[in-house]
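Chemist: To be precise about what I am sending: the file is called final.cif and holds mmCIF, N, CA and C atoms; chains and numbers go by the auth columns.
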data_protein
#
loop_
_atom_site.group_PDB
_atom_site.id
_atom_site.type_symbol
_atom_site.label_atom_id
_atom_site.label_comp_id
_atom_site.label_asym_id
_atom_site.label_seq_id
_atom_site.Cartn_x
_atom_site.Cartn_y
_atom_site.Cartn_z
_atom_site.B_iso_or_equiv
_atom_site.auth_seq_id
_atom_site.auth_asym_id
ATOM 1 N N MET A 1 -25.311 78.827 -51.038 0.00 1 A
ATOM 2 C CA MET A 1 -26.562 79.494 -50.731 0.00 1 A
ATOM 3 C C MET A 1 -26.253 80.830 -50.059 0.00 1 A
ATOM 4 N N SER A 2 -26.894 81.874 -50.545 0.00 2 A
ATOM 5 C CA SER A 2 -26.669 83.192 -49.959 0.00 2 A
ATOM 6 C C SER A 2 -27.722 83.462 -48.884 0.00 2 A
ATOM 7 N N ASN A 3 -27.607 84.599 -48.267 0.00 3 A
ATOM 8 C CA ASN A 3 -28.609 84.987 -47.271 0.00 3 A
ATOM 9 C C ASN A 3 -29.594 85.989 -47.868 0.00 3 A
ATOM 10 N N LYS A 4 -29.658 86.058 -49.197 0.00 4 A
ATOM 11 C CA LYS A 4 -30.538 87.003 -49.883 0.00 4 A
ATOM 12 C C LYS A 4 -31.912 86.390 -50.139 0.00 4 A
ATOM 13 N N TYR A 5 -32.903 87.256 -50.157 0.00 5 A
ATOM 14 C CA TYR A 5 -34.269 86.856 -50.465 0.00 5 A
ATOM 15 C C TYR A 5 -34.666 87.481 -51.801 0.00 5 A
ATOM 16 N N LEU A 6 -35.399 86.752 -52.598 0.00 6 A
ATOM 17 C CA LEU A 6 -35.940 87.265 -53.853 0.00 6 A
ATOM 18 C C LEU A 6 -37.435 87.444 -53.642 0.00 6 A
ATOM 19 N N ILE A 7 -37.906 88.689 -53.686 0.00 7 A
ATOM 20 C CA ILE A 7 -39.320 88.996 -53.480 0.00 7 A
ATOM 21 C C ILE A 7 -39.909 89.430 -54.809 0.00 7 A
ATOM 22 N N ILE A 8 -40.965 88.718 -55.240 0.00 8 A
ATOM 23 C CA ILE A 8 -41.572 88.989 -56.539 0.00 8 A
ATOM 24 C C ILE A 8 -43.048 89.333 -56.336 0.00 8 A
ATOM 25 N N PRO A 9 -43.420 90.612 -56.570 0.00 9 A
ATOM 26 C CA PRO A 9 -44.831 90.968 -56.463 0.00 9 A
ATOM 27 C C PRO A 9 -45.570 90.615 -57.754 0.00 9 A
ATOM 28 N N CYS A 10 -46.539 89.731 -57.657 0.00 10 A
ATOM 29 C CA CYS A 10 -47.373 89.323 -58.797 0.00 10 A
ATOM 30 C C CYS A 10 -48.824 89.568 -58.427 0.00 10 A
ATOM 31 N N ALA A 11 -49.129 90.782 -58.029 0.00 11 A
ATOM 32 C CA ALA A 11 -50.440 91.053 -57.462 0.00 11 A
ATOM 33 C C ALA A 11 -51.242 92.072 -58.260 0.00 11 A
ATOM 34 N N GLY A 12 -50.912 92.227 -59.539 0.00 12 A
ATOM 35 C CA GLY A 12 -51.692 93.135 -60.366 0.00 12 A
ATOM 36 C C GLY A 12 -53.035 92.526 -60.728 0.00 12 A
ATOM 37 N N MET A 13 -54.042 93.355 -60.927 0.00 13 A
ATOM 38 C CA MET A 13 -55.388 92.872 -61.243 0.00 13 A
ATOM 39 C C MET A 13 -55.539 92.498 -62.724 0.00 13 A
ATOM 40 N N SER A 14 -54.587 92.852 -63.568 0.00 14 A
ATOM 41 C CA SER A 14 -54.680 92.594 -65.006 0.00 14 A
ATOM 42 C C SER A 14 -55.983 93.164 -65.565 0.00 14 A
ATOM 43 N N SER A 15 -56.327 94.343 -65.116 0.00 15 A
ATOM 44 C CA SER A 15 -57.606 94.953 -65.488 0.00 15 A
ATOM 45 C C SER A 15 -57.686 95.344 -66.968 0.00 15 A
ATOM 46 N N ARG A 16 -56.557 95.563 -67.621 0.00 16 A
ATOM 47 C CA ARG A 16 -56.599 95.899 -69.048 0.00 16 A
ATOM 48 C C ARG A 16 -56.903 94.680 -69.906 0.00 16 A
ATOM 49 N N TYR A 17 -56.707 93.489 -69.351 0.00 17 A
ATOM 50 C CA TYR A 17 -56.965 92.240 -70.065 0.00 17 A
ATOM 51 C C TYR A 17 -57.858 91.349 -69.193 0.00 17 A
ATOM 52 N N PRO A 18 -59.133 91.713 -69.046 0.00 18 A
ATOM 53 C CA PRO A 18 -59.982 91.024 -68.076 0.00 18 A
ATOM 54 C C PRO A 18 -60.296 89.566 -68.408 0.00 18 A
ATOM 55 N N ASP A 19 -60.168 89.165 -69.647 0.00 19 A
ATOM 56 C CA ASP A 19 -60.513 87.793 -70.024 0.00 19 A
ATOM 57 C C ASP A 19 -59.313 86.869 -70.160 0.00 19 A
ATOM 58 N N SER A 20 -58.154 87.293 -69.682 0.00 20 A
ATOM 59 C CA SER A 20 -56.972 86.441 -69.786 0.00 20 A
ATOM 60 C C SER A 20 -56.350 86.225 -68.406 0.00 20 A
ATOM 61 N N LYS A 21 -55.443 85.286 -68.356 0.00 21 A
ATOM 62 C CA LYS A 21 -54.716 85.019 -67.108 0.00 21 A
ATOM 63 C C LYS A 21 -53.862 86.233 -66.757 0.00 21 A
ATOM 64 N N PRO A 22 -53.433 86.319 -65.513 0.00 22 A
ATOM 65 C CA PRO A 22 -52.487 87.385 -65.150 0.00 22 A
ATOM 66 C C PRO A 22 -51.236 87.289 -66.033 0.00 22 A
ATOM 67 N N LYS A 23 -50.654 88.426 -66.356 0.00 23 A
ATOM 68 C CA LYS A 23 -49.528 88.461 -67.304 0.00 23 A
ATOM 69 C C LYS A 23 -48.360 87.571 -66.886 0.00 23 A
ATOM 70 N N TRP A 24 -48.103 87.465 -65.601 0.00 24 A
ATOM 71 C CA TRP A 24 -46.959 86.662 -65.158 0.00 24 A
ATOM 72 C C TRP A 24 -47.190 85.166 -65.314 0.00 24 A
ATOM 73 N N LEU A 25 -48.432 84.750 -65.571 0.00 25 A
ATOM 74 C CA LEU A 25 -48.733 83.340 -65.827 0.00 25 A
ATOM 75 C C LEU A 25 -48.673 82.981 -67.302 0.00 25 A
ATOM 76 N N LEU A 26 -48.586 83.990 -68.158 0.00 26 A
ATOM 77 C CA LEU A 26 -48.573 83.735 -69.597 0.00 26 A
ATOM 78 C C LEU A 26 -47.301 82.995 -70.001 0.00 26 A
ATOM 79 N N LYS A 27 -47.410 82.209 -71.037 0.00 27 A
ATOM 80 C CA LYS A 27 -46.279 81.400 -71.522 0.00 27 A
ATOM 81 C C LYS A 27 -45.440 82.184 -72.524 0.00 27 A
ATOM 82 N N LEU A 28 -44.148 82.004 -72.438 0.00 28 A
ATOM 83 C CA LEU A 28 -43.201 82.558 -73.403 0.00 28 A
ATOM 84 C C LEU A 28 -42.955 81.518 -74.492 0.00 28 A
ATOM 85 N N PRO A 29 -42.304 81.879 -75.593 0.00 29 A
ATOM 86 C CA PRO A 29 -42.055 80.905 -76.665 0.00 29 A
ATOM 87 C C PRO A 29 -41.321 79.641 -76.218 0.00 29 A
ATOM 88 N N ASN A 30 -40.509 79.716 -75.164 0.00 30 A
ATOM 89 C CA ASN A 30 -39.797 78.524 -74.681 0.00 30 A
ATOM 90 C C ASN A 30 -40.658 77.660 -73.757 0.00 30 A
ATOM 91 N N ASN A 31 -41.944 78.013 -73.639 0.00 31 A
ATOM 92 C CA ASN A 31 -42.946 77.294 -72.853 0.00 31 A
ATOM 93 C C ASN A 31 -42.833 77.512 -71.344 0.00 31 A
ATOM 94 N N ASN A 32 -41.945 78.362 -70.897 0.00 32 A
ATOM 95 C CA ASN A 32 -41.895 78.751 -69.489 0.00 32 A
ATOM 96 C C ASN A 32 -42.822 79.938 -69.280 0.00 32 A
ATOM 97 N N SER A 33 -43.325 80.073 -68.068 0.00 33 A
ATOM 98 C CA SER A 33 -44.131 81.252 -67.750 0.00 33 A
ATOM 99 C C SER A 33 -43.200 82.454 -67.543 0.00 33 A
ATOM 100 N N VAL A 34 -43.794 83.628 -67.578 0.00 34 A
ATOM 101 C CA VAL A 34 -43.029 84.852 -67.320 0.00 34 A
ATOM 102 C C VAL A 34 -42.403 84.776 -65.929 0.00 34 A
ATOM 103 N N LEU A 35 -43.142 84.227 -64.967 0.00 35 A
ATOM 104 C CA LEU A 35 -42.625 84.100 -63.598 0.00 35 A
ATOM 105 C C LEU A 35 -41.372 83.224 -63.551 0.00 35 A
ATOM 106 N N VAL A 36 -41.415 82.075 -64.186 0.00 36 A
ATOM 107 C CA VAL A 36 -40.253 81.169 -64.179 0.00 36 A
ATOM 108 C C VAL A 36 -39.070 81.834 -64.879 0.00 36 A
ATOM 109 N N HIS A 37 -39.321 82.525 -65.959 0.00 37 A
ATOM 110 C CA HIS A 37 -38.250 83.244 -66.667 0.00 37 A
ATOM 111 C C HIS A 37 -37.604 84.279 -65.734 0.00 37 A
ATOM 112 N N LEU A 38 -38.437 84.996 -64.999 0.00 38 A
ATOM 113 C CA LEU A 38 -37.918 86.000 -64.068 0.00 38 A
ATOM 114 C C LEU A 38 -37.068 85.352 -62.976 0.00 38 A
ATOM 115 N N ILE A 39 -37.574 84.286 -62.390 0.00 39 A
ATOM 116 C CA ILE A 39 -36.823 83.598 -61.327 0.00 39 A
ATOM 117 C C ILE A 39 -35.504 83.055 -61.864 0.00 39 A
ATOM 118 N N ASN A 40 -35.533 82.453 -63.029 0.00 40 A
ATOM 119 C CA ASN A 40 -34.298 81.935 -63.629 0.00 40 A
ATOM 120 C C ASN A 40 -33.303 83.040 -63.935 0.00 40 A
ATOM 121 N N SER A 41 -33.798 84.217 -64.284 0.00 41 A
ATOM 122 C CA SER A 41 -32.882 85.315 -64.604 0.00 41 A
ATOM 123 C C SER A 41 -32.173 85.854 -63.359 0.00 41 A
ATOM 124 N N TYR A 42 -32.703 85.549 -62.177 0.00 42 A
ATOM 125 C CA TYR A 42 -32.052 85.950 -60.930 0.00 42 A
ATOM 126 C C TYR A 42 -31.378 84.776 -60.217 0.00 42 A
ATOM 127 N N SER A 43 -31.237 83.665 -60.883 0.00 43 A
ATOM 128 C CA SER A 43 -30.655 82.483 -60.243 0.00 43 A
ATOM 129 C C SER A 43 -29.198 82.697 -59.829 0.00 43 A
ATOM 130 N N TYR A 44 -28.520 83.645 -60.447 0.00 44 A
ATOM 131 C CA TYR A 44 -27.117 83.888 -60.111 0.00 44 A
ATOM 132 C C TYR A 44 -26.924 84.362 -58.671 0.00 44 A
ATOM 133 N N ILE A 45 -27.979 84.910 -58.041 0.00 45 A
ATOM 134 C CA ILE A 45 -27.820 85.350 -56.648 0.00 45 A
ATOM 135 C C ILE A 45 -28.053 84.206 -55.659 0.00 45 A
ATOM 136 N N LYS A 46 -28.523 83.062 -56.148 0.00 46 A
ATOM 137 C CA LYS A 46 -28.768 81.885 -55.307 0.00 46 A
ATOM 138 C C LYS A 46 -29.514 82.277 -54.026 0.00 46 A
ATOM 139 N N PRO A 47 -30.772 82.711 -54.198 0.00 47 A
ATOM 140 C CA PRO A 47 -31.503 83.207 -53.020 0.00 47 A
ATOM 141 C C PRO A 47 -31.770 82.124 -51.985 0.00 47 A
ATOM 142 N N LYS A 48 -31.759 82.543 -50.745 0.00 48 A
ATOM 143 C CA LYS A 48 -32.078 81.655 -49.636 0.00 48 A
ATOM 144 C C LYS A 48 -33.561 81.282 -49.680 0.00 48 A
ATOM 145 N N LYS A 49 -34.376 82.242 -50.076 0.00 49 A
ATOM 146 C CA LYS A 49 -35.816 82.034 -50.144 0.00 49 A
ATOM 147 C C LYS A 49 -36.394 82.903 -51.252 0.00 49 A
ATOM 148 N N ILE A 50 -37.419 82.393 -51.924 0.00 50 A
ATOM 149 C CA ILE A 50 -38.141 83.157 -52.938 0.00 50 A
ATOM 150 C C ILE A 50 -39.545 83.397 -52.404 0.00 50 A
ATOM 151 N N ILE A 51 -39.945 84.657 -52.361 0.00 51 A
ATOM 152 C CA ILE A 51 -41.268 85.036 -51.885 0.00 51 A
ATOM 153 C C ILE A 51 -42.041 85.607 -53.062 0.00 51 A
ATOM 154 N N ILE A 52 -43.204 85.001 -53.356 0.00 52 A
ATOM 155 C CA ILE A 52 -44.032 85.442 -54.475 0.00 52 A
ATOM 156 C C ILE A 52 -45.376 85.893 -53.909 0.00 52 A
ATOM 157 N N ALA A 53 -45.715 87.168 -54.122 0.00 53 A
ATOM 158 C CA ALA A 53 -46.977 87.715 -53.627 0.00 53 A
ATOM 159 C C ALA A 53 -48.015 87.639 -54.742 0.00 53 A
ATOM 160 N N ILE A 54 -49.124 86.922 -54.478 0.00 54 A
ATOM 161 C CA ILE A 54 -50.193 86.793 -55.460 0.00 54 A
ATOM 162 C C ILE A 54 -51.518 87.194 -54.824 0.00 54 A
ATOM 163 N N LEU A 55 -52.497 87.487 -55.673 0.00 55 A
ATOM 164 C CA LEU A 55 -53.816 87.848 -55.179 0.00 55 A
ATOM 165 C C LEU A 55 -54.628 86.609 -54.836 0.00 55 A
ATOM 166 N N LYS A 56 -55.412 86.698 -53.793 0.00 56 A
ATOM 167 C CA LYS A 56 -56.272 85.587 -53.386 0.00 56 A
ATOM 168 C C LYS A 56 -57.258 85.220 -54.506 0.00 56 A
ATOM 169 N N VAL A 57 -57.794 86.219 -55.201 0.00 57 A
ATOM 170 C CA VAL A 57 -58.754 85.925 -56.284 0.00 57 A
ATOM 171 C C VAL A 57 -58.096 85.137 -57.412 0.00 57 A
ATOM 172 N N HIS A 58 -56.836 85.428 -57.697 0.00 58 A
ATOM 173 C CA HIS A 58 -56.134 84.667 -58.734 0.00 58 A
ATOM 174 C C HIS A 58 -55.817 83.252 -58.254 0.00 58 A
ATOM 175 N N GLU A 59 -55.487 83.113 -56.979 0.00 59 A
ATOM 176 C CA GLU A 59 -55.222 81.773 -56.431 0.00 59 A
ATOM 177 C C GLU A 59 -56.467 80.900 -56.550 0.00 59 A
ATOM 178 N N VAL A 60 -57.610 81.461 -56.206 0.00 60 A
ATOM 179 C CA VAL A 60 -58.864 80.704 -56.268 0.00 60 A
ATOM 180 C C VAL A 60 -59.213 80.353 -57.720 0.00 60 A
ATOM 181 N N LYS A 61 -59.066 81.321 -58.618 0.00 61 A
ATOM 182 C CA LYS A 61 -59.479 81.113 -60.011 0.00 61 A
ATOM 183 C C LYS A 61 -58.530 80.207 -60.789 0.00 61 A
ATOM 184 N N TYR A 62 -57.219 80.359 -60.589 0.00 62 A
ATOM 185 C CA TYR A 62 -56.232 79.642 -61.403 0.00 62 A
ATOM 186 C C TYR A 62 -55.429 78.597 -60.639 0.00 62 A
ATOM 187 N N ASN A 63 -55.653 78.456 -59.336 0.00 63 A
ATOM 188 C CA ASN A 63 -54.904 77.508 -58.515 0.00 63 A
ATOM 189 C C ASN A 63 -53.399 77.744 -58.693 0.00 63 A
ATOM 190 N N GLU A 64 -53.000 78.980 -58.538 0.00 64 A
ATOM 191 C CA GLU A 64 -51.641 79.415 -58.851 0.00 64 A
ATOM 192 C C GLU A 64 -50.566 78.768 -58.002 0.00 64 A
ATOM 193 N N LYS A 65 -50.840 78.542 -56.739 0.00 65 A
ATOM 194 C CA LYS A 65 -49.813 77.969 -55.868 0.00 65 A
ATOM 195 C C LYS A 65 -49.330 76.626 -56.419 0.00 65 A
ATOM 196 N N LYS A 66 -50.261 75.777 -56.790 0.00 66 A
ATOM 197 C CA LYS A 66 -49.920 74.477 -57.361 0.00 66 A
ATOM 198 C C LYS A 66 -49.155 74.651 -58.672 0.00 66 A
ATOM 199 N N TYR A 67 -49.610 75.587 -59.497 0.00 67 A
ATOM 200 C CA TYR A 67 -48.964 75.864 -60.780 0.00 67 A
ATOM 201 C C TYR A 67 -47.525 76.362 -60.575 0.00 67 A
ATOM 202 N N ILE A 68 -47.358 77.303 -59.659 0.00 68 A
ATOM 203 C CA ILE A 68 -46.033 77.877 -59.400 0.00 68 A
ATOM 204 C C ILE A 68 -45.067 76.794 -58.939 0.00 68 A
ATOM 205 N N LEU A 69 -45.499 75.983 -57.975 0.00 69 A
ATOM 206 C CA LEU A 69 -44.629 74.934 -57.459 0.00 69 A
ATOM 207 C C LEU A 69 -44.264 73.922 -58.551 0.00 69 A
ATOM 208 N N ALA A 70 -45.209 73.557 -59.393 0.00 70 A
ATOM 209 C CA ALA A 70 -44.933 72.619 -60.489 0.00 70 A
ATOM 210 C C ALA A 70 -43.953 73.231 -61.480 0.00 70 A
ATOM 211 N N GLN A 71 -44.147 74.496 -61.812 0.00 71 A
ATOM 212 C CA GLN A 71 -43.247 75.182 -62.752 0.00 71 A
ATOM 213 C C GLN A 71 -41.836 75.271 -62.201 0.00 71 A
ATOM 214 N N LEU A 72 -41.717 75.613 -60.936 0.00 72 A
ATOM 215 C CA LEU A 72 -40.389 75.765 -60.339 0.00 72 A
ATOM 216 C C LEU A 72 -39.686 74.417 -60.207 0.00 72 A
ATOM 217 N N ASP A 73 -40.414 73.365 -59.851 0.00 73 A
ATOM 218 C CA ASP A 73 -39.816 72.047 -59.750 0.00 73 A
ATOM 219 C C ASP A 73 -39.266 71.580 -61.087 0.00 73 A
ATOM 220 N N SER A 74 -39.980 71.892 -62.166 0.00 74 A
ATOM 221 C CA SER A 74 -39.555 71.419 -63.487 0.00 74 A
ATOM 222 C C SER A 74 -38.443 72.274 -64.079 0.00 74 A
ATOM 223 N N SER A 75 -38.265 73.499 -63.567 0.00 75 A
ATOM 224 C CA SER A 75 -37.262 74.380 -64.155 0.00 75 A
ATOM 225 C C SER A 75 -35.940 74.375 -63.402 0.00 75 A
ATOM 226 N N ILE A 76 -35.922 73.852 -62.203 0.00 76 A
ATOM 227 C CA ILE A 76 -34.697 73.893 -61.381 0.00 76 A
ATOM 228 C C ILE A 76 -33.918 72.601 -61.537 0.00 76 A
#
Show me, as structure tokens, the structure contained in the file I just sent.
Modeler:
Amino acid sequence: MSNKYLIIPCAGMSSRYPDSKPKWLLKLPNNNSVLVHLINSYSYIKPKKIIIAILKVHEVKYNEKKYILAQLDSSI
């Protein structure tokens, strides 16, 4: 375990695509979200902590915290 932190800002309003989920929640062909793909691509640094910044409106609408934790548990 390193002493590095991985900080991921996921706080865009997705205003160009108002009727869809935030882009980082979208699924890739391997069925992982963009967020999980990003975290896995930085796994070589073995971060001490991962910090993900999300918007409160997205948390309320999509229950993202629960989704993120479930995705990370299944991918690690």
Chemist: For the structure shown, which residues end up in the PyMOL selection byres (((chain A and resi 49 and name CA) around 7) and name CA)? Put them as an MDAnalysis selection string, please?
Modeler: chainID A and resid 5:6 47:48 50:51
Chemist: Which residues come within 8 Å of His58 of chain A, counting only C-alpha atoms, excluding same-chain residues fewer than 5 positions away, as a PyMOL selection string?
Modeler: chain A and resi 22+63-64
Chemist: Pick out the closest residue to Ile7 of chain A from this set: A:Ile45, A:Val34, A:Ala53, A:Leu26. Count only C-alpha atoms.
Modeler: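 Distance minimum relative to Ile7 of chain A lands on A:Ala53.
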Chemist: Mind working out the centre and edge lengths of an axis-aligned box for segment 42-48 of chain A, all listed atoms inside, 3 Å added to each side, rounded to one decimal in Å and written as JSON?
Modeler:
{"center_x": -30.2, "center_y": 83.6, "center_z": -55.9, "size_x": 12.6, "size_y": 10.7, "size_z": 18.5}
Chemist: When the PyMOL selection byres ((chain A and resi 35) around 7) is applied to the file above, which residues end up in the set, as a ChimeraX atom specification?
Modeler: /A:23-26,32-34,36-40
Chemist: What does the distance between atom CA of Pro18 of chain A and atom CA of Leu72 of chain A come to in Å, to one decimal place?
Modeler: 26.0 Å
Chemist: Please run DSSP on the backbone and report, as number ranges by chain, all residues within chain A that come out as helix (DSSP H, G or I).
Modeler: A: 23-25, 34-41, 43-45, 56-62, 64-75
Chemist: Between atom N of Lys65 of chain A and atom CA of Ser2 of chain A, what is the distance, to one decimal in Å?
Modeler: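 It comes out at 25.5 Å.
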Chemist: As an exercise, work out the distance from atom CA of Lys4 of chain A to atom CA of Lys46 of chain A in Å and give it to one decimal place.
Modeler: 7.7 Å
Chemist: Give me segment 49-59 of chain A with all heavy atoms filled in, as a PDB file, in the coordinates of the input.
Modeler:
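And here is the file that came out, result.pdb:
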ATOM      1  N   LYS A  49     -34.376  82.242 -50.076  1.00  0.00           N
ATOM      2  CA  LYS A  49     -35.816  82.034 -50.144  1.00  0.00           C
ATOM      3  C   LYS A  49     -36.394  82.903 -51.252  1.00  0.00           C
ATOM      4  O   LYS A  49     -35.906  84.005 -51.485  1.00  0.00           O
ATOM      5  CB  LYS A  49     -36.462  82.399 -48.817  1.00  0.00           C
ATOM      6  CG  LYS A  49     -37.934  82.051 -48.717  1.00  0.00           C
ATOM      7  CD  LYS A  49     -38.502  82.398 -47.351  1.00  0.00           C
ATOM      8  CE  LYS A  49     -38.238  81.244 -46.423  1.00  0.00           C
ATOM      9  NZ  LYS A  49     -38.985  81.351 -45.154  1.00  0.00           N
ATOM     10  N   ILE A  50     -37.419  82.393 -51.924  1.00  0.00           N
ATOM     11  CA  ILE A  50     -38.141  83.157 -52.938  1.00  0.00           C
ATOM     12  C   ILE A  50     -39.545  83.397 -52.404  1.00  0.00           C
ATOM     13  O   ILE A  50     -40.242  82.458 -52.027  1.00  0.00           O
ATOM     14  CB  ILE A  50     -38.210  82.399 -54.275  1.00  0.00           C
ATOM     15  CG1 ILE A  50     -36.802  82.163 -54.827  1.00  0.00           C
ATOM     16  CG2 ILE A  50     -39.053  83.177 -55.286  1.00  0.00           C
ATOM     17  CD1 ILE A  50     -36.768  81.252 -56.039  1.00  0.00           C
ATOM     18  N   ILE A  51     -39.945  84.657 -52.361  1.00  0.00           N
ATOM     19  CA  ILE A  51     -41.268  85.036 -51.885  1.00  0.00           C
ATOM     20  C   ILE A  51     -42.041  85.607 -53.062  1.00  0.00           C
ATOM     21  O   ILE A  51     -41.595  86.560 -53.698  1.00  0.00           O
ATOM     22  CB  ILE A  51     -41.171  86.071 -50.747  1.00  0.00           C
ATOM     23  CG1 ILE A  51     -40.356  85.489 -49.587  1.00  0.00           C
ATOM     24  CG2 ILE A  51     -42.548  86.535 -50.305  1.00  0.00           C
ATOM     25  CD1 ILE A  51     -39.927  86.498 -48.560  1.00  0.00           C
ATOM     26  N   ILE A  52     -43.204  85.001 -53.356  1.00  0.00           N
ATOM     27  CA  ILE A  52     -44.032  85.442 -54.475  1.00  0.00           C
ATOM     28  C   ILE A  52     -45.376  85.893 -53.909  1.00  0.00           C
ATOM     29  O   ILE A  52     -46.080  85.113 -53.272  1.00  0.00           O
ATOM     30  CB  ILE A  52     -44.243  84.296 -55.485  1.00  0.00           C
ATOM     31  CG1 ILE A  52     -42.890  83.796 -55.987  1.00  0.00           C
ATOM     32  CG2 ILE A  52     -45.114  84.770 -56.647  1.00  0.00           C
ATOM     33  CD1 ILE A  52     -42.971  82.497 -56.759  1.00  0.00           C
ATOM     34  N   ALA A  53     -45.715  87.168 -54.122  1.00  0.00           N
ATOM     35  CA  ALA A  53     -46.977  87.715 -53.627  1.00  0.00           C
ATOM     36  C   ALA A  53     -48.015  87.639 -54.742  1.00  0.00           C
ATOM     37  O   ALA A  53     -47.806  88.189 -55.823  1.00  0.00           O
ATOM     38  CB  ALA A  53     -46.791  89.160 -53.184  1.00  0.00           C
ATOM     39  N   ILE A  54     -49.124  86.922 -54.478  1.00  0.00           N
ATOM     40  CA  ILE A  54     -50.193  86.793 -55.460  1.00  0.00           C
ATOM     41  C   ILE A  54     -51.518  87.194 -54.824  1.00  0.00           C
ATOM     42  O   ILE A  54     -51.643  87.241 -53.604  1.00  0.00           O
ATOM     43  CB  ILE A  54     -50.292  85.356 -56.023  1.00  0.00           C
ATOM     44  CG1 ILE A  54     -50.605  84.348 -54.913  1.00  0.00           C
ATOM     45  CG2 ILE A  54     -49.027  84.980 -56.766  1.00  0.00           C
ATOM     46  CD1 ILE A  54     -50.842  82.937 -55.399  1.00  0.00           C
ATOM     47  N   LEU A  55     -52.497  87.487 -55.673  1.00  0.00           N
ATOM     48  CA  LEU A  55     -53.816  87.848 -55.179  1.00  0.00           C
ATOM     49  C   LEU A  55     -54.628  86.609 -54.836  1.00  0.00           C
ATOM     50  O   LEU A  55     -54.557  85.597 -55.532  1.00  0.00           O
ATOM     51  CB  LEU A  55     -54.575  88.648 -56.238  1.00  0.00           C
ATOM     52  CG  LEU A  55     -54.009  90.016 -56.590  1.00  0.00           C
ATOM     53  CD1 LEU A  55     -54.798  90.629 -57.723  1.00  0.00           C
ATOM     54  CD2 LEU A  55     -54.028  90.929 -55.384  1.00  0.00           C
ATOM     55  N   LYS A  56     -55.412  86.698 -53.793  1.00  0.00           N
ATOM     56  CA  LYS A  56     -56.272  85.587 -53.386  1.00  0.00           C
ATOM     57  C   LYS A  56     -57.258  85.220 -54.506  1.00  0.00           C
ATOM     58  O   LYS A  56     -57.488  84.038 -54.766  1.00  0.00           O
ATOM     59  CB  LYS A  56     -57.023  85.975 -52.111  1.00  0.00           C
ATOM     60  CG  LYS A  56     -57.959  84.938 -51.588  1.00  0.00           C
ATOM     61  CD  LYS A  56     -57.203  83.863 -50.861  1.00  0.00           C
ATOM     62  CE  LYS A  56     -58.174  82.953 -50.144  1.00  0.00           C
ATOM     63  NZ  LYS A  56     -57.495  81.931 -49.399  1.00  0.00           N
ATOM     64  N   VAL A  57     -57.794  86.219 -55.201  1.00  0.00           N
ATOM     65  CA  VAL A  57     -58.754  85.925 -56.284  1.00  0.00           C
ATOM     66  C   VAL A  57     -58.096  85.137 -57.412  1.00  0.00           C
ATOM     67  O   VAL A  57     -58.717  84.260 -58.007  1.00  0.00           O
ATOM     68  CB  VAL A  57     -59.443  87.196 -56.839  1.00  0.00           C
ATOM     69  CG1 VAL A  57     -60.273  87.876 -55.792  1.00  0.00           C
ATOM     70  CG2 VAL A  57     -58.445  88.154 -57.440  1.00  0.00           C
ATOM     71  N   HIS A  58     -56.836  85.428 -57.697  1.00  0.00           N
ATOM     72  CA  HIS A  58     -56.134  84.667 -58.734  1.00  0.00           C
ATOM     73  C   HIS A  58     -55.817  83.252 -58.254  1.00  0.00           C
ATOM     74  O   HIS A  58     -55.863  82.304 -59.032  1.00  0.00           O
ATOM     75  CB  HIS A  58     -54.856  85.381 -59.162  1.00  0.00           C
ATOM     76  CG  HIS A  58     -55.113  86.603 -59.981  1.00  0.00           C
ATOM     77  ND1 HIS A  58     -54.174  87.586 -60.140  1.00  0.00           N
ATOM     78  CD2 HIS A  58     -56.192  87.004 -60.696  1.00  0.00           C
ATOM     79  CE1 HIS A  58     -54.662  88.540 -60.909  1.00  0.00           C
ATOM     80  NE2 HIS A  58     -55.900  88.201 -61.255  1.00  0.00           N
ATOM     81  N   GLU A  59     -55.487  83.113 -56.979  1.00  0.00           N
ATOM     82  CA  GLU A  59     -55.222  81.773 -56.431  1.00  0.00           C
ATOM     83  C   GLU A  59     -56.467  80.900 -56.550  1.00  0.00           C
ATOM     84  O   GLU A  59     -56.388  79.747 -56.967  1.00  0.00           O
ATOM     85  CB  GLU A  59     -54.770  81.868 -54.973  1.00  0.00           C
ATOM     86  CG  GLU A  59     -54.729  80.554 -54.237  1.00  0.00           C
ATOM     87  CD  GLU A  59     -53.868  79.494 -54.878  1.00  0.00           C
ATOM     88  OE1 GLU A  59     -52.886  79.816 -55.567  1.00  0.00           O
ATOM     89  OE2 GLU A  59     -54.176  78.309 -54.703  1.00  0.00           O
TER      90      GLU A  59
END
